[in-house]
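Read through the structure below, which is laid out as structure tokens, and then see the notes.
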Number of protein chains: 2
Amino acid sequence: MYRTHNNGALRMSDVGQEVTLSGWLQASRDFGGMTFIDLRDRYGITQLVFNMEVDADLCTKARKLGREFVLKISGIVHERSNKNPNRLTGDIEIIVNDLEILNESKTPPFTIEDETDGGDDIRMKYRYLDIRRNPVKNNLVFRSKLGIEVRKYLSDQDFVEIETPFLIKSTPEGARDFVVPSRMNKGQFYALPQSPQTFKQLLMVAGMDKYFQIVKCFRDEDLRADRQPEFTQIDCEMAFVTQEEILNTFEGLTRHLFKSTLDIELGDFPRMTYDDAMEQYGSDKPDLRFDMKFVYLNDLAQNKGFSVFDSAEVVVGINATGQAENYSNKDIKKLTEWMQRPQIGAKGLVYVKWNADGSIKSSVGKFYSDADLQAWLEKAGAKKGDMMLILSGETDKTRKQLNELRLEMGRRMGFMKKGDFKPLWVVDFPLLEWDEESNRFHAMHHPFTSPKKEEISRMLNGDHETMKSLKADAYDMVINGAEIGGGSIRIHDRELQSKNFDLLGFTKEEAEEQFGFLMGAFEYGAPPHGGLAFGFDRLSAVMNDDSSIRDYIAFPKNNQGRDVMIDAPAPVSDEQLAEWGMEMSGDLAK
Amino acid sequence: MYRTHNNGALRMSDVGQEVTLSGWLQASRDFGGMTFIDLRDRYGITQLVFNMEVDADLCTKARKLGREFVLKISGIVHERSNKNPNRLTGDIEIIVNDLEILNESKTPPFTIEDETDGGDDIRMKYRYLDIRRNPVKNNLVFRSKLGIEVRKYLSDQDFVEIETPFLIKSTPEGARDFVVPSRMNKGQFYALPQSPQTFKQLLMVAGMDKYFQIVKCFRDEDLRADRQPEFTQIDCEMAFVTQEEILNTFEGLTRHLFKSTLDIELGDFPRMTYDDAMEQYGSDKPDLRFDMKFVYLNDLAQNKGFSVFDSAEVVVGINATGQAENYSNKDIKKLTEWMQRPQIGAKGLVYVKWNADGSIKSSVGKFYSDADLQAWLEKAGAKKGDMMLILSGETDKTRKQLNELRLEMGRRMGFMKKGDFKPLWVVDFPLLEWDEESNRFHAMHHPFTSPKKEEISRMLNGDHETMKSLKADAYDMVINGAEIGGGSIRIHDRELQSKNFDLLGFTKEEAEEQFGFLMGAFEYGAPPHGGLAFGFDRLSAVMNDDSSIRDYIAFPKNNQGRDVMIDAPAPVSDEQLAEWGMEMSGDLAK
């Protein structure tokens, strides 16, 4: 037996007991006559004591141990004289009477501490050491607990977890698939699923009624920061439901998850239409930890002789409360430059300060009277001491830019408080968006999303312009400005699905070849159904106020899609390639 | 809203209530003035009543509905006059006052009944209809519940569920990998994991202490009946454990699963060494629902002049209690022919009947006296009325054949009772097996399995013959003759792991290239660790006395590895191939 207790278990009530512990040497302190060792495992740290006077051989042996050595010790639990209230086991220590080295360790390439000296690359290469650090370990433990709670809640609600296949069929819609050559069917390929979308819909046709799955999905995209080629979804689908029932069900799940893992009672889940979100926040995932809604100034600011505003489609600003005194001309200049970076691309930034003394100062002061500017401030609900920041230009672009500014100001003004969670449903997304470049519609959500019931006849019979205005029963759950999940009511009718593929530029043949099985299934009594999928990695990160998902994944890939620890991907032999009837082409051929 | 209740919910206490139900038309019975419809969903069936006298239009509409139409109805719950005690809702029926057809259905290609008229192929093609049938549906619901219980139990025991990557590195050891070409790293491939073995070991090095995962695994094997290219494991690993602690932990899990899902208290989990299992049952997964142990007769049957036995390495039989009268000469001949089929390959079959009247009859009666034969019977513990069946030949082959005969007799004699579960741990597997064909050792379990502690120095220093006799801390859980799970204590020492790769025929370079990351990890304080993996599909099937795993998988592949419903795998375009720097070769090139 390697241990009677783990290293987080012992308390004052165990004093006097003979115990056996195993773990890693976290730290060692040598005070000549006595040597103290911190023994660590997943559960905590226990202090070990070796005394030259009591057992010189043992103490000498203990002195030679290095960091991360794996030890097994036996000894007696004693009360500590200098207790450590920050440690679960801080009241006790072990007077060791037996020590076995279970394994040695080379000096680790970075320190195994909460704040480590290791950079990202070396931490990834030695991920098995990185996970020994509390922050990463705690994230993985949190994620596991979160998964358990998802399953408990949904199964208590009669959801059935069903595994859908990983070896499926490639479809060119959306992101690129990862594919898998078939040896038994040479010249043919499986694809790894980007999501179990069609399968979960088939499970609804199959009468499973309520389905969920925590499942890996795969997208072969050029990896932006914080994207992973394999990621995990909480994937859900329900039959015989309205959008309202779905929102309530998953609002319930989300409340349960925050309560059971963080002991946080979430407040309201307001619902906001996509159109309102875009108009008021310039984003379909507004961060509602703070207000700072957009204020449209076209009526007040145009036709007063300032040509930049006059020629703009939209003049829109936000009010930064109490910031008038905080921004010098230099600060405003810096902020303007920040907005002008190519990532945001604003042409300029107009400010109107309502100083504490009642005076008004603005970068467009020479075009507008104080009364004009005061009217703007009043429309924005500003008070003395506030500062308005205003952009103008083409509507979509300007809203997007102002969204960035709003978020930046929210950050600077301390509104993005850790532990403050503001959830939101964004609803009524457009069904389709017109893409000028490819000269066709794209599905705003995905090709299986249903238009709203009252839009169906418009969709089946309308003209091109009608299609642009169709609204869908599609919804996103947003928390603190992050999209946590999204879904829709699905089409369950062959004709409507066919029409949608048509609008999305599929030929009849392509639609049949790729999705014939689904449209076929719709002919055998498909029930109305809908669902959603949460990003499990993202949810884990957002619940911990983390912006990156990487440390919620045990073994993530880097931005080149590589696992630098195991060094994958890697070449395979020509013999293997031949088994799939393939060879490398061009320069890659050996 | 589509329903106020599901179709399994309504009881006598609901009589008088106005309800709305949705579901599928299971059956319709037209009695002229009245029409009865059985409305089905996942939860049950509710009887609907339409009456010509009450509402002729509605009743006429109802008469036209076909099987599997999707309906939404409203009506009043009434007490039934002829109650159906076999149905949850059998006390009530709904007098319908409103009917909406949510979707129509073509006539399904097979009946949606517990016993269907559909063959395997058509059921697979229309799997979404097959799942509507109770047997398949119930299997999937059972599997889901089983997964939940696994997670509840293990997380209560401090196990952390951690997702390991699916895009990993190809290793030529064992079965063939499925591979995934990388677009970002042209000419390189990921592999899909055959199991998370190395990752779970790295998680132990990482200090996660107790890990589990219910996870898909992939093997590109030529598919025998009841093998799937993707299958699911309950994968587990623990650090600082002995074999004994692992066996106890997963015996506990298994007990919990049987109790919580089937309300069955499992009896003892006996432990049997691999050597004993092979000697007594000719199998490393004996079915212990019945005894019928092997009886070795070399001492009694050899050197009496019967050359077949005299020249045999082993003469071994089983005693079939009470079967003497049940087997005519013709029956024995048939059984002998069954044993002589190429799948089994026995040369012959010897019987000795101890008839009820005390007389002894045997196919080798002319070589042996009655006293000789009686000595055999007595050694086998036979009584009057019993029949011994005896084989002879080379030890391994003969044991295997006799195992088949034992199982066949167990089946015929009614010993394989449904609902009777006899678990067993088979322990002390050999570490290595010598393969004559490839002239090298193969890992009996896998290359990461540790020899028993007391064998390590023999392994590091022994000769070739020594290697053949090494025993491992490796174990299988067997229930009713099916291998449910297996595992081992792992090597956690670089030198020992390196030695094992060496024995398995890896060059130093190959071992380093493929498993360098693991051996590297062993140098940074790897703890002693071990674990096991259960076959989740198999466990689900065995717990339901089913021999096939296929109907415990929502969307299985056929024996050619095809999903006939979605028609995968399928060709991809040359443009896609080019993105991975590949082309089809030979005849497959277009």
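Chain identifiers are assigned as A, B, and so on, following the order in which chains appear in the structure tokens; residues are numbered from 1 within each chain, and ligands are numbered from 1 in order of appearance.
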From a DSSP calculation on the backbone, collect every residue of stretch 297-499 of chain B in alpha helix (DSSP H) and output the set as a PyMOL selection string.
chain B and resi 298-301+307-310+329-340+370-379+395-412+456-461+464-468+494-499
Provide as number ranges by chain the residues of chain B at most 6 Å from chain A, counting only C-alpha atoms.
B: 2, 42, 68-70, 103-106, 128-129, 131-132, 144, 160-161, 168-169, 179-180, 188-190, 202, 206-208, 240, 517, 523-525, 566, 568-571, 581-585
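Between atom CA of B:Glu93 and atom CA of B:Lys64 the interatomic distance comes to 20.1 Å.
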Sel. of strand (DSSP E or B) residues, stretch 191-381 of chain A, as a VMD selection string
chain A and resid 191 210 to 218 230 to 239 271 to 273 295 to 296 314 to 320 350 to 354 360 to 362
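Counting only C-alpha atoms and comparing B:Asn480, B:Ser362, B:Asn139, B:Ser457, the residue that lies closest to B:Phe269 is B:Asn480.
Each of A:Thr336, A:Pro342, A:Ile479, A:Asn303 was checked against A:Asp268 using only C-alpha atoms; the smallest atom-to-atom distance is that of A:Ile479.
Straight-line separation from atom CA of B:Leu99 to atom CA of B:Leu65: 10.8 Å.
Using only C-alpha atoms, the shortest contact distance between A:Met477 and any of A:Arg538, A:Lys285, A:His464, A:Arg399 is found at A:Lys285.
When atom CA of B:Lys508 is paired with atom CA of A:Asp574, their separation reads 21.8 Å.
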Residues within 9 Å of B:Asp14, please, as a list in words. Count only C-alpha atoms; anything in the same chain fewer than 6 positions from it doesn't count.
Val77, His78 and Ile92 of chain B
For the residues in the current selection, export all heavy atoms as a compact mmCIF listing (two decimals), in the first residue's frame.
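The resulting file, again27.txt, is shown below:
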# COMPACT_ATOMS: atom_id res chain seq x y z
N VAL B 77 -59.17 13.63 -20.52
CA VAL B 77 -58.80 12.31 -20.03
C VAL B 77 -60.03 11.62 -19.46
O VAL B 77 -60.72 12.17 -18.61
CB VAL B 77 -57.72 12.42 -18.93
CG1 VAL B 77 -57.27 11.03 -18.46
CG2 VAL B 77 -56.53 13.24 -19.41
N HIS B 78 -60.32 10.41 -19.96
CA HIS B 78 -61.45 9.60 -19.46
C HIS B 78 -60.95 8.27 -18.92
O HIS B 78 -59.91 7.78 -19.36
CB HIS B 78 -62.44 9.31 -20.61
CG HIS B 78 -63.43 10.41 -20.82
ND1 HIS B 78 -64.78 10.25 -20.71
CD2 HIS B 78 -63.24 11.72 -21.16
CE1 HIS B 78 -65.40 11.38 -20.97
NE2 HIS B 78 -64.49 12.29 -21.25
N ILE B 92 -56.59 4.79 -18.76
CA ILE B 92 -57.27 5.99 -19.28
C ILE B 92 -57.23 6.04 -20.81
O ILE B 92 -56.53 5.26 -21.46
CB ILE B 92 -56.64 7.28 -18.72
CG1 ILE B 92 -55.14 7.36 -19.09
CG2 ILE B 92 -56.81 7.37 -17.22
CD1 ILE B 92 -54.82 8.10 -20.32
Who sits within 7 Å of A:Gln401, only C-alpha atoms, same chain under 3 positions skipped, as a ChimeraX atom specification:
/A:344,346,397-398,404-405
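Comparing the minimum interatomic distances between A:Gly485 and each of A:Ala380, A:Asn403, A:Glu251, A:Asp473, counting only C-alpha atoms, we find that A:Glu251 sits nearest.
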Write out as a PyMOL selection string which residues come within 8 Å of B:Asp476 when counting only C-alpha atoms, dropping same-chain ones fewer than 5 positions away.
chain B and resi 425-427+483-487
Tell me which protein, DNA and RNA residues are within 6 Å of A:Gly385, counting only C-alpha atoms, leaving out same-chain ones fewer than 6 positions away, and put them as a tab-separated table (two decimals) with all heavy atoms, in the first residue's frame.
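Okay, out.tsv is ready:
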chain	number	residue	atom	x	y	z
A	322	GLY	N	-18.34	59.98	-15.73
A	322	GLY	CA	-17.27	60.41	-14.83
A	322	GLY	C	-15.89	60.47	-15.45
A	322	GLY	O	-14.89	60.57	-14.74
A	324	ALA	N	-14.77	62.71	-17.83
A	324	ALA	CA	-14.36	64.00	-18.41
A	324	ALA	C	-12.99	64.44	-17.90
A	324	ALA	O	-12.12	64.85	-18.65
A	324	ALA	CB	-15.42	65.05	-18.13
A	354	TRP	N	-18.36	67.01	-20.65
A	354	TRP	CA	-19.17	67.91	-19.82
A	354	TRP	C	-18.44	68.02	-18.49
A	354	TRP	O	-18.56	67.16	-17.62
A	354	TRP	CB	-20.58	67.34	-19.64
A	354	TRP	CG	-21.59	68.35	-19.18
A	354	TRP	CD1	-21.36	69.66	-18.81
A	354	TRP	CD2	-22.99	68.15	-19.05
A	354	TRP	NE1	-22.53	70.28	-18.49
A	354	TRP	CE2	-23.56	69.36	-18.62
A	354	TRP	CE3	-23.84	67.06	-19.28
A	354	TRP	CZ2	-24.93	69.53	-18.40
A	354	TRP	CZ3	-25.20	67.22	-19.05
A	354	TRP	CH2	-25.74	68.45	-18.62
A	355	ASN	N	-17.66	69.07	-18.39
A	355	ASN	CA	-16.78	69.18	-17.22
A	355	ASN	C	-17.59	69.39	-15.95
A	355	ASN	O	-18.75	69.81	-15.99
A	355	ASN	CB	-15.79	70.31	-17.41
A	355	ASN	CG	-14.78	69.96	-18.51
A	355	ASN	OD1	-14.27	68.84	-18.57
A	355	ASN	ND2	-14.53	70.91	-19.40
A	356	ALA	N	-16.95	69.12	-14.85
A	356	ALA	CA	-17.60	69.25	-13.55
A	356	ALA	C	-18.10	70.68	-13.31
A	356	ALA	O	-19.13	70.89	-12.66
A	356	ALA	CB	-16.64	68.84	-12.44
